[in-house]
$ cat query-v9.cif   # mmCIF, C-alpha atoms
data_structure
loop_
_atom_site.label_atom_id
_atom_site.label_comp_id
_atom_site.auth_asym_id
_atom_site.auth_seq_id
_atom_site.Cartn_x
_atom_site.Cartn_y
_atom_site.Cartn_z
CA ASP A 281 17.01 -3.02 -36.78
CA LEU A 282 17.46 -4.63 -33.37
CA GLN A 283 21.13 -5.28 -33.98
CA GLY A 284 21.68 -1.55 -34.36
CA ARG A 285 20.19 -0.76 -30.94
CA PRO A 286 22.59 -0.52 -28.00
CA GLY A 287 21.56 -2.73 -25.11
CA ARG A 288 18.88 -4.59 -27.05
CA ARG A 289 21.56 -6.83 -28.58
CA LYS A 290 22.08 -8.44 -25.19
CA PRO A 291 20.84 -12.01 -25.56
CA TRP A 292 19.73 -12.27 -21.94
CA VAL A 293 16.90 -9.77 -22.47
CA ASP A 294 14.77 -12.37 -24.25
CA GLU A 295 15.63 -15.07 -21.71
CA ILE A 296 14.12 -13.34 -18.66
CA THR A 297 11.34 -15.44 -17.09
CA LEU A 298 10.79 -13.62 -13.76
CA ALA A 299 10.89 -9.95 -12.73
CA ILE A 300 11.28 -8.59 -9.19
CA GLY A 301 10.04 -5.01 -8.83
CA TRP A 302 10.78 -2.32 -6.25
CA CYS A 303 13.54 -4.34 -4.59
CA ASP A 304 14.85 -2.85 -1.33
CA GLY A 305 18.28 -4.50 -1.46
CA ASP A 306 18.04 -7.30 1.11
CA VAL A 307 20.74 -9.82 0.20
CA GLU A 308 18.72 -12.63 1.80
CA LEU A 309 16.21 -12.24 -1.03
CA LEU A 310 18.94 -13.18 -3.48
CA ASP A 311 19.66 -16.39 -1.59
CA ALA A 312 15.96 -17.26 -1.47
CA LEU A 313 15.48 -16.66 -5.18
CA THR A 314 18.41 -18.87 -6.15
CA GLU A 315 16.71 -21.72 -4.31
CA LYS A 316 13.68 -21.42 -6.61
CA VAL A 317 14.63 -19.92 -10.00
CA ASP A 318 17.55 -19.38 -12.37
CA PRO A 319 19.26 -16.06 -11.44
CA LYS A 320 20.51 -15.65 -15.02
CA LYS A 321 16.89 -15.43 -16.15
CA THR A 322 15.70 -13.13 -13.38
CA LEU A 323 15.37 -9.33 -13.64
CA ILE A 324 15.61 -7.17 -10.51
CA HIS A 325 14.37 -3.57 -10.55
CA PHE A 326 16.44 -2.07 -7.70
CA SER A 327 14.73 1.06 -6.37
CA ASN A 328 16.57 1.55 -3.06
CA TRP A 329 20.19 1.77 -4.17
CA ARG A 330 21.32 5.37 -3.75
CA THR A 331 22.76 7.29 -0.83
CA ASP A 332 19.83 9.69 -1.28
CA GLY A 333 16.25 8.79 -0.40
CA TYR A 334 13.93 7.50 -3.09
CA ASP A 335 12.79 10.27 -5.46
CA GLU A 336 15.11 12.83 -3.85
CA ASN A 337 18.11 14.72 -5.20
CA TYR A 338 17.78 13.59 -8.82
CA PRO A 339 19.89 13.62 -10.96
CA SER A 340 22.51 12.51 -8.41
CA TYR A 341 23.20 8.79 -8.54
CA VAL A 342 25.62 7.50 -5.92
CA ALA A 343 25.36 3.90 -4.74
CA SER A 344 25.18 3.29 -1.00
CA PRO A 345 27.56 0.74 0.59
CA ARG A 346 24.58 -1.55 1.24
CA ALA A 347 23.54 -1.36 -2.40
CA ARG A 348 27.08 -2.03 -3.59
CA ALA A 349 27.12 -5.23 -1.55
CA PHE A 350 23.73 -6.27 -2.93
CA ILE A 351 24.69 -5.58 -6.55
CA ALA A 352 28.07 -7.31 -6.20
CA LYS A 353 26.49 -10.43 -4.75
CA GLY A 354 23.54 -10.44 -7.13
CA ALA A 355 25.65 -9.92 -10.24
CA GLY A 356 28.03 -12.65 -9.07
CA MET A 357 25.07 -15.03 -8.87
CA GLY A 358 23.94 -14.05 -12.37
CA PHE A 359 20.97 -11.78 -11.61
CA HIS A 360 20.29 -8.90 -14.01
CA ILE A 361 19.95 -5.80 -11.83
CA LEU A 362 18.48 -2.49 -13.02
CA PRO A 363 19.31 0.41 -10.66
CA HIS A 364 16.41 2.89 -10.59
CA CYS A 365 17.06 6.32 -12.11
CA ASN A 366 14.73 8.94 -13.59
CA SER A 367 14.40 10.26 -17.12
CA ILE A 368 13.07 13.81 -16.64
CA ASP A 369 12.21 14.40 -12.97
CA MET A 370 14.68 16.43 -10.96
CA ASP A 371 14.88 17.82 -7.45
CA PRO A 372 14.64 21.64 -7.57
CA THR A 373 17.09 21.80 -4.65
CA HIS A 374 19.75 20.12 -6.82
CA PRO A 375 22.54 22.51 -7.95
CA ALA A 376 21.87 21.76 -11.63
CA TYR A 377 18.36 23.24 -11.35
CA ALA A 378 19.74 26.75 -11.77
CA TYR A 379 20.79 25.87 -15.33
CA LEU A 380 17.57 24.06 -16.23
CA ARG A 381 14.70 25.98 -14.66
CA ASP A 382 13.75 27.74 -17.90
CA PHE A 383 12.97 24.38 -19.51
CA GLN A 384 10.53 22.83 -17.02
CA TYR A 385 7.32 21.20 -18.24
CA ARG A 386 4.50 23.76 -18.17
CA ASP A 387 0.81 23.00 -18.51
CA VAL A 388 -0.54 23.88 -21.94
CA ALA A 389 -3.52 25.79 -20.52
CA GLY A 390 -2.58 27.30 -17.17
CA LYS A 391 1.22 27.38 -17.73
CA GLY A 392 1.78 25.94 -14.23
CA LEU A 393 4.71 23.68 -13.49
CA LEU A 394 4.20 19.97 -14.02
CA GLY A 395 5.97 17.49 -11.82
CA TRP A 396 5.50 15.46 -8.68
CA GLY A 397 4.94 15.94 -4.99
CA TYR A 398 3.90 13.42 -2.38
CA GLU A 399 2.42 13.58 1.10
CA ARG A 400 2.04 10.18 2.78
CA GLU A 401 -1.31 11.07 4.36
CA GLU A 402 -2.75 12.91 1.37
CA GLY A 403 -1.27 11.17 -1.67
CA VAL A 404 -0.07 13.04 -4.74
CA LEU A 405 0.14 16.83 -4.42
CA SER A 406 0.41 19.49 -7.06
CA VAL A 407 3.83 21.01 -7.68
CA PRO A 408 4.42 24.38 -5.98
CA ASN A 409 4.89 27.26 -8.43
CA SER A 410 6.65 29.52 -5.96
CA ASN A 411 10.45 29.51 -6.18
CA VAL A 412 10.62 29.52 -2.39
CA SER A 413 8.19 26.62 -2.04
CA LEU A 414 10.11 24.57 -4.57
CA LEU A 415 13.14 24.79 -2.32
CA GLU A 416 11.30 24.01 0.92
CA ASN A 417 9.49 20.79 0.09
CA ARG A 418 12.19 18.10 0.00
CA GLN A 419 10.25 16.15 2.63
CA ARG A 420 7.34 15.96 0.15
CA LYS A 421 9.65 14.67 -2.56
CA VAL A 422 8.75 17.55 -4.86
CA MET A 423 10.24 17.21 -8.32
CA VAL A 424 9.87 19.14 -11.56
CA LYS A 425 10.05 17.69 -15.05
CA ILE A 426 12.72 18.95 -17.44
CA HIS A 427 11.95 18.89 -21.16
CA PRO A 428 13.99 16.04 -22.71
CA GLY A 429 14.39 18.01 -25.91
CA LEU A 430 17.03 20.03 -24.07
CA GLY A 431 20.44 18.67 -25.00
CA MET A 432 21.99 20.07 -21.82
CA TRP A 433 19.57 18.02 -19.70
CA ARG A 434 20.30 14.82 -21.62
CA SER A 435 24.03 15.39 -21.13
CA ILE A 436 23.71 16.17 -17.40
CA LEU A 437 21.49 13.13 -16.84
CA ALA A 438 23.68 10.76 -18.85
CA GLU A 439 26.86 11.96 -17.14
CA ASN A 440 25.38 11.41 -13.70
CA ILE A 441 24.01 7.97 -14.55
CA GLN A 442 27.28 6.86 -16.09
CA GLN A 443 29.29 8.07 -13.11
CA GLY A 444 26.89 6.30 -10.75
CA LEU A 445 27.06 2.98 -12.58
CA ALA A 446 30.65 3.10 -13.84
CA ASP A 447 32.17 0.81 -11.22
CA LEU A 448 29.08 -1.34 -10.60
CA PRO A 449 28.81 -4.78 -12.26
CA VAL A 450 25.61 -3.94 -14.16
CA ASP A 451 24.84 -3.74 -17.86
CA ALA A 452 21.31 -2.41 -17.49
CA VAL A 453 19.47 0.54 -15.94
CA PHE A 454 15.90 1.63 -15.23
CA ILE A 455 14.79 5.20 -15.98
CA ASP A 456 11.42 6.21 -14.56
CA VAL A 457 8.52 8.23 -16.09
CA THR A 458 9.50 7.61 -19.70
CA LEU A 459 5.78 7.60 -20.53
CA CYS A 460 5.41 11.27 -19.46
CA THR A 461 5.51 13.09 -22.78
CA TYR A 462 2.74 15.68 -22.98
CA ASN A 463 1.34 18.48 -25.05
CA LEU A 464 3.00 21.42 -23.27
CA HIS A 465 2.91 25.20 -23.19
CA ASN A 466 6.63 25.05 -23.98
CA GLY A 467 6.04 22.28 -26.52
CA LEU A 468 9.22 22.71 -28.55
CA VAL A 469 12.71 22.85 -27.05
CA GLU A 470 15.60 22.87 -29.49
CA ASN A 471 12.95 22.12 -32.12
CA LEU A 472 11.97 18.85 -30.43
CA THR A 473 8.67 17.88 -28.81
CA SER A 474 8.82 16.12 -25.46
CA THR A 475 8.08 12.84 -27.27
CA GLN A 476 10.94 13.30 -29.72
CA GLY A 477 13.20 14.38 -26.87
CA MET A 478 12.33 11.30 -24.81
CA LYS A 479 13.33 9.01 -27.66
CA ARG A 480 16.69 10.78 -27.91
CA LEU A 481 17.13 10.59 -24.15
CA ILE A 482 16.50 6.82 -24.06
CA ASP A 483 18.90 6.26 -26.95
CA HIS A 484 21.52 8.39 -25.19
CA VAL A 485 21.26 6.36 -21.98
CA ALA A 486 21.35 3.09 -23.94
CA GLU A 487 24.70 4.09 -25.42
CA LEU A 488 26.38 4.54 -22.04
CA GLU A 489 29.14 2.14 -21.02
CA THR A 490 29.95 0.57 -17.69
CA GLY A 491 32.63 -1.89 -16.72
CA ALA A 492 30.13 -4.72 -17.22
CA SER A 493 28.42 -3.52 -20.40
CA GLY A 494 30.87 -5.27 -22.69
CA GLY A 495 31.03 -2.35 -25.11
CA SER A 496 27.43 -2.89 -26.24
CA GLY A 497 25.70 -0.23 -24.17
CA LEU A 498 23.02 -0.64 -21.52
CA ALA A 499 19.74 -2.51 -21.66
CA VAL A 500 17.24 0.16 -20.60
CA GLY A 501 14.03 -0.38 -18.68
CA GLY A 502 11.45 2.40 -18.54
CA GLU A 503 7.96 3.17 -17.28
CA GLY A 504 5.20 2.34 -19.72
CA LEU A 505 5.26 1.26 -23.34
CA ASN A 506 4.14 3.14 -26.40
CA GLU A 507 5.12 3.23 -30.05
CA ILE A 508 7.85 5.83 -29.42
CA ILE A 509 9.65 4.74 -26.27
CA VAL A 510 9.46 1.06 -27.24
CA GLN A 511 12.01 1.81 -29.95
CA GLY A 512 14.76 2.25 -27.38
CA LEU A 513 13.66 0.26 -24.34
CA SER A 514 14.43 -3.35 -23.59
CA PHE A 515 11.86 -3.52 -20.77
CA GLY A 516 8.71 -1.55 -19.99
CA GLN A 517 7.25 -1.45 -16.47
CA VAL A 518 3.60 -1.26 -17.45
CA HIS A 519 0.47 -0.01 -15.70
CA LEU A 520 -2.94 -1.63 -15.79
CA PHE A 521 -6.14 -0.02 -17.03
CA ARG A 522 -7.71 2.35 -14.45
CA SER A 523 -5.15 1.30 -11.88
CA SER A 524 -2.86 3.49 -9.83
CA GLY A 525 -1.50 1.60 -6.87
CA ARG A 526 -4.72 -0.25 -6.07
CA SER A 527 -7.20 -2.54 -7.75
CA CYS A 528 -10.37 -1.07 -9.21
CA LYS A 529 -13.71 -2.56 -10.02
CA GLY A 530 -13.61 -3.57 -13.67
CA LEU A 531 -9.84 -3.96 -13.74
CA GLU A 532 -10.25 -7.36 -15.35
CA ARG A 533 -11.85 -5.81 -18.46
CA ALA A 534 -8.33 -5.10 -19.76
CA GLY A 535 -7.44 -8.80 -19.72
CA GLY A 536 -7.55 -11.34 -22.50
CA CYS A 537 -5.72 -9.38 -25.19
CA ALA A 538 -1.94 -9.40 -25.11
CA LEU A 539 -1.76 -6.15 -27.09
CA ASN A 540 1.75 -5.09 -26.05
CA ALA A 541 3.07 -8.53 -26.92
CA LEU A 542 1.37 -8.33 -30.32
CA LEU A 543 2.51 -4.81 -31.20
CA PHE A 544 5.95 -4.78 -29.63
CA ALA A 545 7.18 -8.37 -29.98
CA GLY A 546 10.91 -8.32 -30.58
CA LEU A 547 11.24 -4.76 -29.29
CA ALA A 548 10.60 -4.30 -25.55
CA ARG A 549 9.27 -6.77 -23.00
CA SER A 550 6.79 -5.74 -20.33
CA PHE A 551 6.77 -6.49 -16.60
CA GLY A 552 4.36 -5.48 -13.83
CA TYR A 553 4.30 -2.18 -11.98
CA SER A 554 3.01 -2.49 -8.41
CA GLY A 555 0.76 -4.38 -6.00
CA LEU A 556 2.11 -7.76 -7.09
CA SER A 557 3.25 -9.53 -3.94
CA GLY A 558 0.49 -12.12 -4.32
CA ARG A 559 -0.63 -11.69 -0.69
CA THR A 560 -4.23 -10.61 -1.34
CA GLU A 561 -7.02 -11.39 -3.79
CA ASP A 562 -6.65 -7.95 -5.37
CA GLU A 563 -2.95 -8.55 -5.98
CA VAL A 564 -3.63 -11.97 -7.48
CA LEU A 565 -6.15 -10.31 -9.82
CA ARG A 566 -3.64 -7.67 -10.87
CA SER A 567 -0.97 -10.30 -11.49
CA SER A 568 -3.36 -12.46 -13.51
CA VAL A 569 -4.27 -9.53 -15.75
CA HIS A 570 -0.59 -8.72 -16.33
CA LEU A 571 0.01 -12.34 -17.33
CA SER A 572 -2.96 -12.31 -19.71
CA LEU A 573 -1.45 -9.23 -21.36
CA GLY A 574 1.83 -11.00 -22.02
CA ALA A 575 3.97 -9.52 -19.22
CA ILE A 576 6.88 -11.32 -17.62
CA PRO A 577 5.70 -12.95 -14.34
CA THR A 578 6.35 -10.21 -11.78
CA LEU A 579 6.63 -10.00 -7.99
CA THR A 580 6.91 -6.62 -6.28
CA ARG A 581 8.13 -5.67 -2.80
CA VAL A 582 8.65 -9.27 -1.77
CA SER A 583 10.92 -10.62 0.97
CA ALA A 584 12.95 -13.79 1.28
CA ARG A 585 10.12 -15.20 3.38
CA ASP A 586 7.64 -14.61 0.55
CA ILE A 587 9.85 -16.74 -1.69
CA ARG A 588 10.64 -19.50 0.79
CA GLN A 589 7.09 -19.71 2.15
CA PRO A 590 5.14 -18.69 -0.95
CA SER A 591 1.45 -18.03 -1.19
CA PRO A 592 -0.31 -20.23 -3.75
CA HIS A 593 -0.06 -17.51 -6.40
CA VAL A 594 3.62 -16.76 -5.74
CA LYS A 595 4.31 -20.49 -5.93
CA GLN A 596 2.52 -20.56 -9.27
CA LEU A 597 4.61 -17.65 -10.62
CA LEU A 598 7.88 -19.22 -9.46
CA GLN A 599 6.96 -22.49 -11.15
CA MET A 600 5.97 -20.60 -14.29
CA ALA A 601 9.41 -18.96 -14.35
CA VAL A 602 11.08 -22.36 -14.00
CA ASP A 603 8.95 -23.90 -16.76
CA ARG A 604 9.60 -21.01 -19.14
CA ALA A 605 13.33 -21.19 -18.44
CA GLY A 606 13.29 -24.77 -19.69
#

$ encode --input "query-v9.cif" --output "structure tokens"
Amino acid sequence: DLQGRPGRRKPWVDEITLAIGWCDGDVELLDALTEKVDPKKTLIHFSNWRTDGYDENYPSYVASPRARAFIAKGAGMGFHILPHCNSIDMDPTHPAYAYLRDFQYRDVAGKGLLGWGYEREEGVLSVPNSNVSLLENRQRKVMVKIHPGLGMWRSILAENIQQGLADLPVDAVFIDVTLCTYNLHNGLVENLTSTQGMKRLIDHVAELETGASGGSGLAVGGEGLNEIIVQGLSFGQVHLFRSSGRSCKGLERAGGCALNALLFAGLARSFGYSGLSGRTEDEVLRSSVHLSLGAIPTLTRVSARDIRQPSPHVKQLLQMAVDRAG
């Protein structure tokens, strides 16, 4: 019942013809886009909007002055902006961690903490299991994952998201890592698996209200699409087969079958994840595969110059967005 789903009732969801991913908040990009496409049919995933650094201090969501200016201008033009939040990752240096540490994801075999850590030179790192190390690795963006079956976590997350968006002119939000529901050592929390908990978490966020939501909740974007999370999402930021930030030999084997579009038509729409600026042959390949799978034409980490002086592939995507908009 789509009419019974908060956020999904928004008619603009089905009208989107272009997605911009990992936007850094440059207002000049907004001006450039309006010269080429219809802002009312353009989705912007806004990753750099908080006073905190990216992937730090979750679940605190406070808009920076620069982001406020970007959102105000973009919303005034008609763009649909999704500020980037996170569904289950949290910074262990955040004050709320003291209440939640007993409900972290733990590996089903070794019982170690599951989460995220990043070193620019080395790539993804394992999560420290020492309490001291958890508190000393902010520079590595270390985060732990809190089981979404925990009602206290869902309440803390929703309260922080709503406070962060309350006075912003947005009626949508993006929550990261919604695809991360695993078989865990602590599989049941409050009698819910992580998969069941994630569905409740998405529904909870979709019911939040902002000044611009019109009383119909938020359209929610998330990472990935599967048969569970698709029930609450309006948009899924999807990955490609055997692809994590770079193209791989054989990537094209996933093309030619718009499976998400077939299975999830009328539920959630997909858009591309990363490496989609159209500047290289690899990025053109990735974009082409996304299109063959039924995703919304997507550009990631692009500048105003990329729009005003487009590569052949970017020009093609912009024209595709115009043609689909009618």

$ resolve_selection --input "query-v9.cif" --expression "the PyMOL selection byres ((chain A and resi 382-397) around 10)" --output "PyMOL selection string"
chain A and resi 335+368-371+377-381+398-399+403-410+417-430+433+460-469+474

$ write_last_selection --input "query-v9.cif" --atoms "C-alpha atoms" --output "mmCIF file, in the coordinates of the input"
data_model
loop_
_atom_site.group_PDB
_atom_site.id
_atom_site.type_symbol
_atom_site.label_atom_id
_atom_site.label_comp_id
_atom_site.auth_asym_id
_atom_site.auth_seq_id
_atom_site.Cartn_x
_atom_site.Cartn_y
_atom_site.Cartn_z
ATOM 1 C CA ASP A 335 12.790 10.270 -5.460
ATOM 2 C CA ILE A 368 13.070 13.810 -16.640
ATOM 3 C CA ASP A 369 12.210 14.400 -12.970
ATOM 4 C CA MET A 370 14.680 16.430 -10.960
ATOM 5 C CA ASP A 371 14.880 17.820 -7.450
ATOM 6 C CA TYR A 377 18.360 23.240 -11.350
ATOM 7 C CA ALA A 378 19.740 26.750 -11.770
ATOM 8 C CA TYR A 379 20.790 25.870 -15.330
ATOM 9 C CA LEU A 380 17.570 24.060 -16.230
ATOM 10 C CA ARG A 381 14.700 25.980 -14.660
ATOM 11 C CA TYR A 398 3.900 13.420 -2.380
ATOM 12 C CA GLU A 399 2.420 13.580 1.100
ATOM 13 C CA GLY A 403 -1.270 11.170 -1.670
ATOM 14 C CA VAL A 404 -0.070 13.040 -4.740
ATOM 15 C CA LEU A 405 0.140 16.830 -4.420
ATOM 16 C CA SER A 406 0.410 19.490 -7.060
ATOM 17 C CA VAL A 407 3.830 21.010 -7.680
ATOM 18 C CA PRO A 408 4.420 24.380 -5.980
ATOM 19 C CA ASN A 409 4.890 27.260 -8.430
ATOM 20 C CA SER A 410 6.650 29.520 -5.960
ATOM 21 C CA ASN A 417 9.490 20.790 0.090
ATOM 22 C CA ARG A 418 12.190 18.100 0.000
ATOM 23 C CA GLN A 419 10.250 16.150 2.630
ATOM 24 C CA ARG A 420 7.340 15.960 0.150
ATOM 25 C CA LYS A 421 9.650 14.670 -2.560
ATOM 26 C CA VAL A 422 8.750 17.550 -4.860
ATOM 27 C CA MET A 423 10.240 17.210 -8.320
ATOM 28 C CA VAL A 424 9.870 19.140 -11.560
ATOM 29 C CA LYS A 425 10.050 17.690 -15.050
ATOM 30 C CA ILE A 426 12.720 18.950 -17.440
ATOM 31 C CA HIS A 427 11.950 18.890 -21.160
ATOM 32 C CA PRO A 428 13.990 16.040 -22.710
ATOM 33 C CA GLY A 429 14.390 18.010 -25.910
ATOM 34 C CA LEU A 430 17.030 20.030 -24.070
ATOM 35 C CA TRP A 433 19.570 18.020 -19.700
ATOM 36 C CA CYS A 460 5.410 11.270 -19.460
ATOM 37 C CA THR A 461 5.510 13.090 -22.780
ATOM 38 C CA TYR A 462 2.740 15.680 -22.980
ATOM 39 C CA ASN A 463 1.340 18.480 -25.050
ATOM 40 C CA LEU A 464 3.000 21.420 -23.270
ATOM 41 C CA HIS A 465 2.910 25.200 -23.190
ATOM 42 C CA ASN A 466 6.630 25.050 -23.980
ATOM 43 C CA GLY A 467 6.040 22.280 -26.520
ATOM 44 C CA LEU A 468 9.220 22.710 -28.550
ATOM 45 C CA VAL A 469 12.710 22.850 -27.050
ATOM 46 C CA SER A 474 8.820 16.120 -25.460
#

$ resolve_selection --input "query-v9.cif" --expression "the PyMOL selection byres ((chain A and resi 346-353) around 6)" --output "VMD selection string"
chain A and resid 305 307 329 344 to 345 354 to 356

$ write_last_selection --input "query-v9.cif" --atoms "C-alpha atoms" --output "compact mmCIF listing (two decimals), in the coordinates of the input"
# COMPACT_ATOMS: atom_id res chain seq x y z
CA GLY A 305 18.28 -4.50 -1.46
CA VAL A 307 20.74 -9.82 0.20
CA TRP A 329 20.19 1.77 -4.17
CA SER A 344 25.18 3.29 -1.00
CA PRO A 345 27.56 0.74 0.59
CA GLY A 354 23.54 -10.44 -7.13
CA ALA A 355 25.65 -9.92 -10.24
CA GLY A 356 28.03 -12.65 -9.07

$ atom_distance --input "query-v9.cif" --atom1 "CA of Gly477 in chain A" --atom2 "CA of Ala575 in chain A"
26.7 Å

$ resolve_selection --input "query-v9.cif" --expression "the PyMOL selection byres ((chain A and resi 540-553) around 8)" --output "PyMOL selection string"
chain A and resi 282+288+294+299+301+505+510-519+538-539+554-556+567+570+573-580

$ atom_distance --input "query-v9.cif" --atom1 "CA of His325 in chain A" --atom2 "CA of Leu448 in chain A"
14.9 Å

$ closest_residue --input "query-v9.cif" --among "A:Thr490, A:Asn471, A:Asn506, A:Thr314" --to "Asp447 in chain A" --atoms "all atoms listed in the file"
A:Thr490

$ atom_distance --input "query-v9.cif" --atom1 "CA of Val582 in chain A" --atom2 "CA of Ala312 in chain A"
10.8 Å

$ closest_residue --input "query-v9.cif" --among "A:Ser413, A:Asp483, A:Asn366, A:Thr458" --to "Ile441 in chain A" --atoms "only C-alpha atoms"
A:Asn366

$ closest_residue --input "query-v9.cif" --among "A:Ser327, A:Leu437, A:Gly444, A:Leu520" --to "Tyr341 in chain A" --atoms "all atoms listed in the file"
A:Gly444

$ axis_aligned_box --input "query-v9.cif" --around "range 302-320 of chain A" --padding-each-side "8 Å" --output "AutoDock Vina command-line options"
--center_x 15.8 --center_y -12.0 --center_z -6.6 --size_x 26.0 --size_y 35.4 --size_z 32.8

$ closest_residue --input "query-v9.cif" --among "A:Thr373, A:Ser591, A:Ser435, A:Thr297" --to "Thr560 in chain A" --atoms "all atoms listed in the file"
A:Ser591

$ residues_near_point --input "query-v9.cif" --point "(22.4, 8.7, -10.0)" --cutoff "10 Å" --atoms "only C-alpha atoms" --output "VMD selection string"
chain A and resid 329 to 332 337 to 343 363 to 366 437 to 445

$ closest_residue --input "query-v9.cif" --among "A:Leu414, A:Glu308, A:Phe326, A:Gly358" --to "Ile296 in chain A" --atoms "only C-alpha atoms"
A:Gly358

$ closest_residue --input "query-v9.cif" --among "A:Ile587, A:Ile509, A:Val412, A:Leu571" --to "Met600 in chain A" --atoms "all atoms listed in the file"
A:Leu571
